[in-house]
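What follows is a single structure, written as structure tokens, with notes after it.
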Amino acid sequence: MNSRRILLISDTHGRLKWLPDALRKAGRIDMVLHMGDSVGGLKEIETMAKVPVIGVRGNCDYMTSLDRDVEINISGLPIFITHGHNYYVGSGLDMLQDEAERRCVRIACFGHTHVPFCKEINGIIYVNPGSLSQPRQEGRKPSYALLEIDEEGRPSIVMRCL
Ligand SMILES: [Mn+2]
């Protein structure tokens with residue numbers, strides 16, 4: 001089994017001007033996960049990334065058939081993907097933690113806050129790549145994350161700003 005490299009992005013809000021930079025800096029990737037508020041869907045992102053894109057519906061995604069919550073399995077790792085507004089991630093991780101623990105996932109990916117975040121709590125990695133188009137953290141640099149799952153199925157996450 002080869003290592004898998006997955007680009008995590010969120011909250012692009014219809015502006016993909018920073019995506020080519022993120023893709024170039026990310027290097028080889030097998031997949032993109034988009035945590036919602038793409039506002040315009042995932043087709044264009046898929047065309048640019050040239051790999052499969054899996055995403056969810058955010059609070060600003062009105063015209064979309066994307067699901068609110070998605071669970072996938074990569075190299076044996078169960079991964080929960082959600083935008084996060086339904087779990088009120090703007091005011092803390094309590095509700096998202098309840099859901100991720102109930103689902104017994106290893107990684108919970110979310111967005112919505114536009115602030116990059118990564119922390120392991122009770123054996124679950126919570127990761128928010130921030131926003132590529134409307135960053136809100138100190139310094140306001142477009143941000144993304146890279147999830148690498150090695151040959152043994154061990155995950156590691158690198159948070160990056162452009
Ligand atoms: Mn949002």
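Chain identifiers are assigned as A, B, and so on, following the order in which chains appear in the structure tokens; residues are numbered from 1 within each chain, and ligands are numbered from 1 in order of appearance.
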Give me the chain A side of the contact with ligand 1, cut-off 7 Å, one line per residue showing its nearest atom pair and distance in Å at one decimal, counting only C-alpha atoms and all ligand atoms, sorted by chain and residue number, as a tab-separated table.
residue	atom	partner	partner_atom_place_in_ligand_line	distance
A:Asp11	CA	ligand 1	1 (Mn)	6.5
A:Gly36	CA	ligand 1	1 (Mn)	6.9
A:Asp37	CA	ligand 1	1 (Mn)	5.5
A:Gly58	CA	ligand 1	1 (Mn)	5.3
A:Asn59	CA	ligand 1	1 (Mn)	5.0
A:Cys60	CA	ligand 1	1 (Mn)	6.0
A:His83	CA	ligand 1	1 (Mn)	6.7
A:His85	CA	ligand 1	1 (Mn)	6.5
A:Gly111	CA	ligand 1	1 (Mn)	7.0
A:His112	CA	ligand 1	1 (Mn)	3.8
A:Thr113	CA	ligand 1	1 (Mn)	6.8
Residues as selected, C-alpha atoms, written as a PDB file, in the first residue's frame, can you do that?
ATOM      1  CA  ASP A  11     -14.528  27.960   2.338  1.00  0.00           C
ATOM      2  CA  GLY A  36     -17.960  23.304   2.312  1.00  0.00           C
ATOM      3  CA  ASP A  37     -18.891  26.783   1.190  1.00  0.00           C
ATOM      4  CA  GLY A  58     -21.864  24.625   3.709  1.00  0.00           C
ATOM      5  CA  ASN A  59     -24.270  27.253   4.981  1.00  0.00           C
ATOM      6  CA  CYS A  60     -23.627  29.368   1.864  1.00  0.00           C
ATOM      7  CA  HIS A  83     -18.830  22.096   7.170  1.00  0.00           C
ATOM      8  CA  HIS A  85     -22.136  25.164  11.142  1.00  0.00           C
ATOM      9  CA  GLY A 111     -14.451  24.393   8.043  1.00  0.00           C
ATOM     10  CA  HIS A 112     -16.761  27.385   8.459  1.00  0.00           C
ATOM     11  CA  THR A 113     -14.613  29.452  10.829  1.00  0.00           C
TER      12      THR A 113
END
Range 60-117 of chain A residues near range 38-41 of chain A within 10 Å, closest pair each, using only C-alpha atoms, as JSON lines:
{"residue": "A:Cys60", "atom": "CA", "partner": "A:Val39", "partner_atom": "CA", "distance": 6.4}
{"residue": "A:Asp61", "atom": "CA", "partner": "A:Val39", "partner_atom": "CA", "distance": 5.1}
{"residue": "A:Tyr62", "atom": "CA", "partner": "A:Val39", "partner_atom": "CA", "distance": 7.7}
{"residue": "A:Met63", "atom": "CA", "partner": "A:Gly40", "partner_atom": "CA", "distance": 7.8}
{"residue": "A:Thr64", "atom": "CA", "partner": "A:Gly41", "partner_atom": "CA", "distance": 6.8}
{"residue": "A:Ser65", "atom": "CA", "partner": "A:Gly41", "partner_atom": "CA", "distance": 9.1}
{"residue": "A:Leu66", "atom": "CA", "partner": "A:Gly41", "partner_atom": "CA", "distance": 8.5}
Would you output that residue set with all heavy atoms, as an mmCIF file, in the first residue's frame?
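The resulting file, selection_32.cif, is shown below:
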data_model
loop_
_atom_site.group_PDB
_atom_site.id
_atom_site.type_symbol
_atom_site.label_atom_id
_atom_site.label_comp_id
_atom_site.auth_asym_id
_atom_site.auth_seq_id
_atom_site.Cartn_x
_atom_site.Cartn_y
_atom_site.Cartn_z
ATOM 1 N N CYS A 60 -23.471 28.464 3.016
ATOM 2 C CA CYS A 60 -23.627 29.368 1.864
ATOM 3 C C CYS A 60 -23.828 28.625 0.545
ATOM 4 O O CYS A 60 -23.923 29.255 -0.501
ATOM 5 C CB CYS A 60 -22.420 30.292 1.744
ATOM 6 S SG CYS A 60 -22.154 31.329 3.199
ATOM 7 N N ASP A 61 -23.862 27.305 0.584
ATOM 8 C CA ASP A 61 -24.072 26.505 -0.631
ATOM 9 C C ASP A 61 -25.562 26.247 -0.827
ATOM 10 O O ASP A 61 -26.111 25.297 -0.272
ATOM 11 C CB ASP A 61 -23.343 25.157 -0.514
ATOM 12 C CG ASP A 61 -21.830 25.295 -0.521
ATOM 13 O OD1 ASP A 61 -21.309 26.091 -1.321
ATOM 14 O OD2 ASP A 61 -21.173 24.604 0.271
ATOM 15 N N TYR A 62 -26.210 27.105 -1.611
ATOM 16 C CA TYR A 62 -27.652 26.951 -1.790
ATOM 17 C C TYR A 62 -27.996 25.994 -2.924
ATOM 18 O O TYR A 62 -28.799 25.100 -2.767
ATOM 19 C CB TYR A 62 -28.305 28.317 -2.035
ATOM 20 C CG TYR A 62 -28.068 29.259 -0.889
ATOM 21 C CD1 TYR A 62 -27.217 30.345 -1.033
ATOM 22 C CD2 TYR A 62 -28.662 29.018 0.352
ATOM 23 C CE1 TYR A 62 -26.978 31.196 0.032
ATOM 24 C CE2 TYR A 62 -28.420 29.867 1.422
ATOM 25 C CZ TYR A 62 -27.577 30.958 1.244
ATOM 26 O OH TYR A 62 -27.333 31.787 2.300
ATOM 27 N N MET A 63 -27.362 26.202 -4.084
ATOM 28 C CA MET A 63 -27.681 25.373 -5.247
ATOM 29 C C MET A 63 -26.723 24.196 -5.302
ATOM 30 O O MET A 63 -25.757 24.213 -6.052
ATOM 31 C CB MET A 63 -27.548 26.197 -6.535
ATOM 32 C CG MET A 63 -28.292 27.508 -6.507
ATOM 33 S SD MET A 63 -30.038 27.257 -6.787
ATOM 34 C CE MET A 63 -30.057 27.094 -8.571
ATOM 35 N N THR A 64 -26.984 23.190 -4.515
ATOM 36 C CA THR A 64 -26.064 22.053 -4.509
ATOM 37 C C THR A 64 -26.784 20.788 -4.085
ATOM 38 O O THR A 64 -27.765 20.838 -3.354
ATOM 39 C CB THR A 64 -24.880 22.308 -3.558
ATOM 40 O OG1 THR A 64 -24.042 21.154 -3.560
ATOM 41 C CG2 THR A 64 -25.346 22.547 -2.138
ATOM 42 N N SER A 65 -26.294 19.683 -4.579
ATOM 43 C CA SER A 65 -26.851 18.397 -4.156
ATOM 44 C C SER A 65 -25.907 17.716 -3.167
ATOM 45 O O SER A 65 -26.110 16.570 -2.790
ATOM 46 C CB SER A 65 -27.050 17.499 -5.382
ATOM 47 O OG SER A 65 -25.836 17.385 -6.071
ATOM 48 N N LEU A 66 -24.871 18.437 -2.745
ATOM 49 C CA LEU A 66 -23.909 17.845 -1.812
ATOM 50 C C LEU A 66 -24.575 17.571 -0.460
ATOM 51 O O LEU A 66 -25.461 18.302 -0.031
ATOM 52 C CB LEU A 66 -22.726 18.794 -1.602
ATOM 53 C CG LEU A 66 -21.815 19.050 -2.807
ATOM 54 C CD1 LEU A 66 -20.829 20.169 -2.492
ATOM 55 C CD2 LEU A 66 -21.082 17.777 -3.198
#
Closest of A:Glu44, A:Pro135, A:Phe110, A:Ala145 to Tyr88 in chain A - atom-to-atom distances counting only C-alpha atoms: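 The closest residue to Tyr88 in chain A is A:Phe110.
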Picked from chain A by DSSP as helix (DSSP H, G or I), as a PyMOL selection string: chain A and resi 19-26+43-49+85-87+89-91+94-103
Pull N, CA, C and O atoms from the residues just selected and write them as a short mmCIF file (atom, residue, chain, number, x, y, z; two decimals), in the first residue's frame.
data_model
loop_
_atom_site.label_atom_id
_atom_site.label_comp_id
_atom_site.auth_asym_id
_atom_site.auth_seq_id
_atom_site.Cartn_x
_atom_site.Cartn_y
_atom_site.Cartn_z
N LEU A 19 -6.12 28.62 -5.50
CA LEU A 19 -6.04 27.16 -5.59
C LEU A 19 -4.82 26.66 -6.38
O LEU A 19 -4.16 25.71 -5.93
N PRO A 20 -4.48 27.26 -7.53
CA PRO A 20 -3.29 26.78 -8.26
C PRO A 20 -2.03 26.82 -7.40
O PRO A 20 -1.22 25.89 -7.45
N ASP A 21 -1.86 27.87 -6.60
CA ASP A 21 -0.70 27.96 -5.70
C ASP A 21 -0.70 26.82 -4.69
O ASP A 21 0.34 26.20 -4.43
N ALA A 22 -1.87 26.59 -4.11
CA ALA A 22 -1.98 25.52 -3.11
C ALA A 22 -1.67 24.17 -3.74
O ALA A 22 -0.95 23.35 -3.17
N LEU A 23 -2.19 23.95 -4.93
CA LEU A 23 -1.96 22.67 -5.63
C LEU A 23 -0.48 22.49 -5.96
O LEU A 23 0.08 21.41 -5.78
N ARG A 24 0.14 23.56 -6.42
CA ARG A 24 1.55 23.48 -6.79
C ARG A 24 2.41 23.20 -5.56
O ARG A 24 3.28 22.33 -5.57
N LYS A 25 2.13 23.90 -4.46
CA LYS A 25 2.91 23.70 -3.24
C LYS A 25 2.64 22.35 -2.59
O LYS A 25 3.50 21.79 -1.91
N ALA A 26 1.44 21.84 -2.79
CA ALA A 26 1.09 20.55 -2.18
C ALA A 26 1.83 19.40 -2.85
O ALA A 26 2.09 18.38 -2.24
N LYS A 43 -16.93 21.01 -9.39
CA LYS A 43 -16.48 20.62 -10.75
C LYS A 43 -15.20 21.35 -11.16
O LYS A 43 -14.25 20.73 -11.64
N GLU A 44 -15.21 22.66 -10.97
CA GLU A 44 -14.06 23.46 -11.40
C GLU A 44 -12.81 23.09 -10.58
O GLU A 44 -11.70 23.03 -11.10
N ILE A 45 -13.03 22.83 -9.30
CA ILE A 45 -11.92 22.42 -8.43
C ILE A 45 -11.34 21.10 -8.91
O ILE A 45 -10.13 20.91 -8.99
N GLU A 46 -12.25 20.18 -9.30
CA GLU A 46 -11.82 18.87 -9.77
C GLU A 46 -11.02 19.01 -11.07
O GLU A 46 -10.00 18.33 -11.26
N THR A 47 -11.48 19.89 -11.95
CA THR A 47 -10.78 20.13 -13.22
C THR A 47 -9.37 20.66 -12.95
O THR A 47 -8.40 20.24 -13.58
N MET A 48 -9.26 21.57 -12.01
CA MET A 48 -7.96 22.16 -11.71
C MET A 48 -7.04 21.17 -10.99
O MET A 48 -5.84 21.12 -11.27
N ALA A 49 -7.60 20.41 -10.08
CA ALA A 49 -6.78 19.52 -9.25
C ALA A 49 -6.42 18.22 -9.98
O ALA A 49 -5.43 17.58 -9.65
N HIS A 85 -21.17 24.19 10.60
CA HIS A 85 -22.14 25.16 11.14
C HIS A 85 -23.25 24.47 11.91
O HIS A 85 -23.75 25.02 12.88
N ASN A 86 -23.61 23.26 11.48
CA ASN A 86 -24.65 22.52 12.19
C ASN A 86 -24.19 22.03 13.57
O ASN A 86 -24.99 21.64 14.40
N TYR A 87 -22.88 22.05 13.77
CA TYR A 87 -22.32 21.67 15.07
C TYR A 87 -21.77 22.90 15.81
O TYR A 87 -21.06 22.76 16.79
N VAL A 89 -19.44 25.08 15.28
CA VAL A 89 -17.99 25.05 15.52
C VAL A 89 -17.43 26.45 15.80
O VAL A 89 -16.31 26.57 16.33
N GLY A 90 -18.21 27.49 15.48
CA GLY A 90 -17.77 28.84 15.80
C GLY A 90 -17.71 29.10 17.29
O GLY A 90 -17.01 30.00 17.75
N SER A 91 -18.44 28.31 18.06
CA SER A 91 -18.43 28.52 19.52
C SER A 91 -17.80 27.36 20.28
O SER A 91 -17.98 27.25 21.49
N ASP A 94 -17.48 21.13 21.10
CA ASP A 94 -18.24 20.14 21.88
C ASP A 94 -19.18 19.28 21.04
O ASP A 94 -19.17 18.06 21.11
N MET A 95 -20.00 19.93 20.23
CA MET A 95 -20.98 19.17 19.44
C MET A 95 -20.32 18.32 18.36
O MET A 95 -20.74 17.21 18.09
N LEU A 96 -19.28 18.87 17.74
CA LEU A 96 -18.56 18.11 16.72
C LEU A 96 -17.86 16.91 17.35
O LEU A 96 -17.85 15.81 16.78
N GLN A 97 -17.32 17.10 18.54
CA GLN A 97 -16.68 16.00 19.26
C GLN A 97 -17.68 14.88 19.56
O GLN A 97 -17.38 13.71 19.37
N ASP A 98 -18.87 15.26 20.02
CA ASP A 98 -19.90 14.26 20.29
C ASP A 98 -20.18 13.43 19.04
O ASP A 98 -20.26 12.21 19.09
N GLU A 99 -20.33 14.12 17.91
CA GLU A 99 -20.66 13.44 16.66
C GLU A 99 -19.52 12.56 16.18
O GLU A 99 -19.71 11.42 15.77
N ALA A 100 -18.30 13.10 16.23
CA ALA A 100 -17.13 12.34 15.76
C ALA A 100 -16.90 11.11 16.63
O ALA A 100 -16.57 10.03 16.13
N GLU A 101 -17.11 11.26 17.95
CA GLU A 101 -16.92 10.13 18.86
C GLU A 101 -18.02 9.09 18.66
O GLU A 101 -17.78 7.89 18.70
N ARG A 102 -19.25 9.55 18.42
CA ARG A 102 -20.37 8.64 18.16
C ARG A 102 -20.09 7.82 16.90
O ARG A 102 -20.39 6.63 16.83
N ARG A 103 -19.49 8.47 15.88
CA ARG A 103 -19.21 7.80 14.62
C ARG A 103 -17.93 6.96 14.67
O ARG A 103 -17.64 6.22 13.72
#
CA of Pro142 in chain A to CA of Arg5 in chain A, straight-line distance in Å: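 Result for CA of Arg5 in chain A versus CA of Pro142 in chain A: 19.8 Å, one decimal.
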For Thr82 in chain A, the nearest of the candidates A:Met159, A:Ile121, A:Leu16, A:Met35, counting only C-alpha atoms: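 That would be A:Met35, the residue with the smallest distance to Thr82 in chain A.
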Selected residue, from A:Cys161, A:Val51, A:Leu33, A:Ile149, that lies nearest to Ser131 in chain A when counting only C-alpha atoms: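 Smallest separation from Ser131 in chain A among the options: A:Cys161.
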For CA of Leu132 in chain A and CA of Leu7 in chain A, the interatomic separation in Å (one decimal): 12.0 Å
Distance of CA of Leu93 in chain A from CA of Gly14 in chain A, expressed in Å to one decimal place: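 One can read the CA of Gly14 in chain A to CA of Leu93 in chain A distance as 26.4 Å.
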Contacts of Ala108 in chain A within 6 Å, only C-alpha atoms, excl. fewer than 6 positions in-chain, as number ranges by chain: A: 79-80, 126
Best match for closeness to Ile125 in chain A among A:Asp69, A:Cys109, A:Thr12, A:Ile81, counting only C-alpha atoms: A:Cys109
Strand (DSSP E) per DSSP on the backbone: members of range 44-154 of chain A, as a PyMOL selection string: chain A and resi 53-55+69-74+77-82+107-109+117-121+124-128+143-149
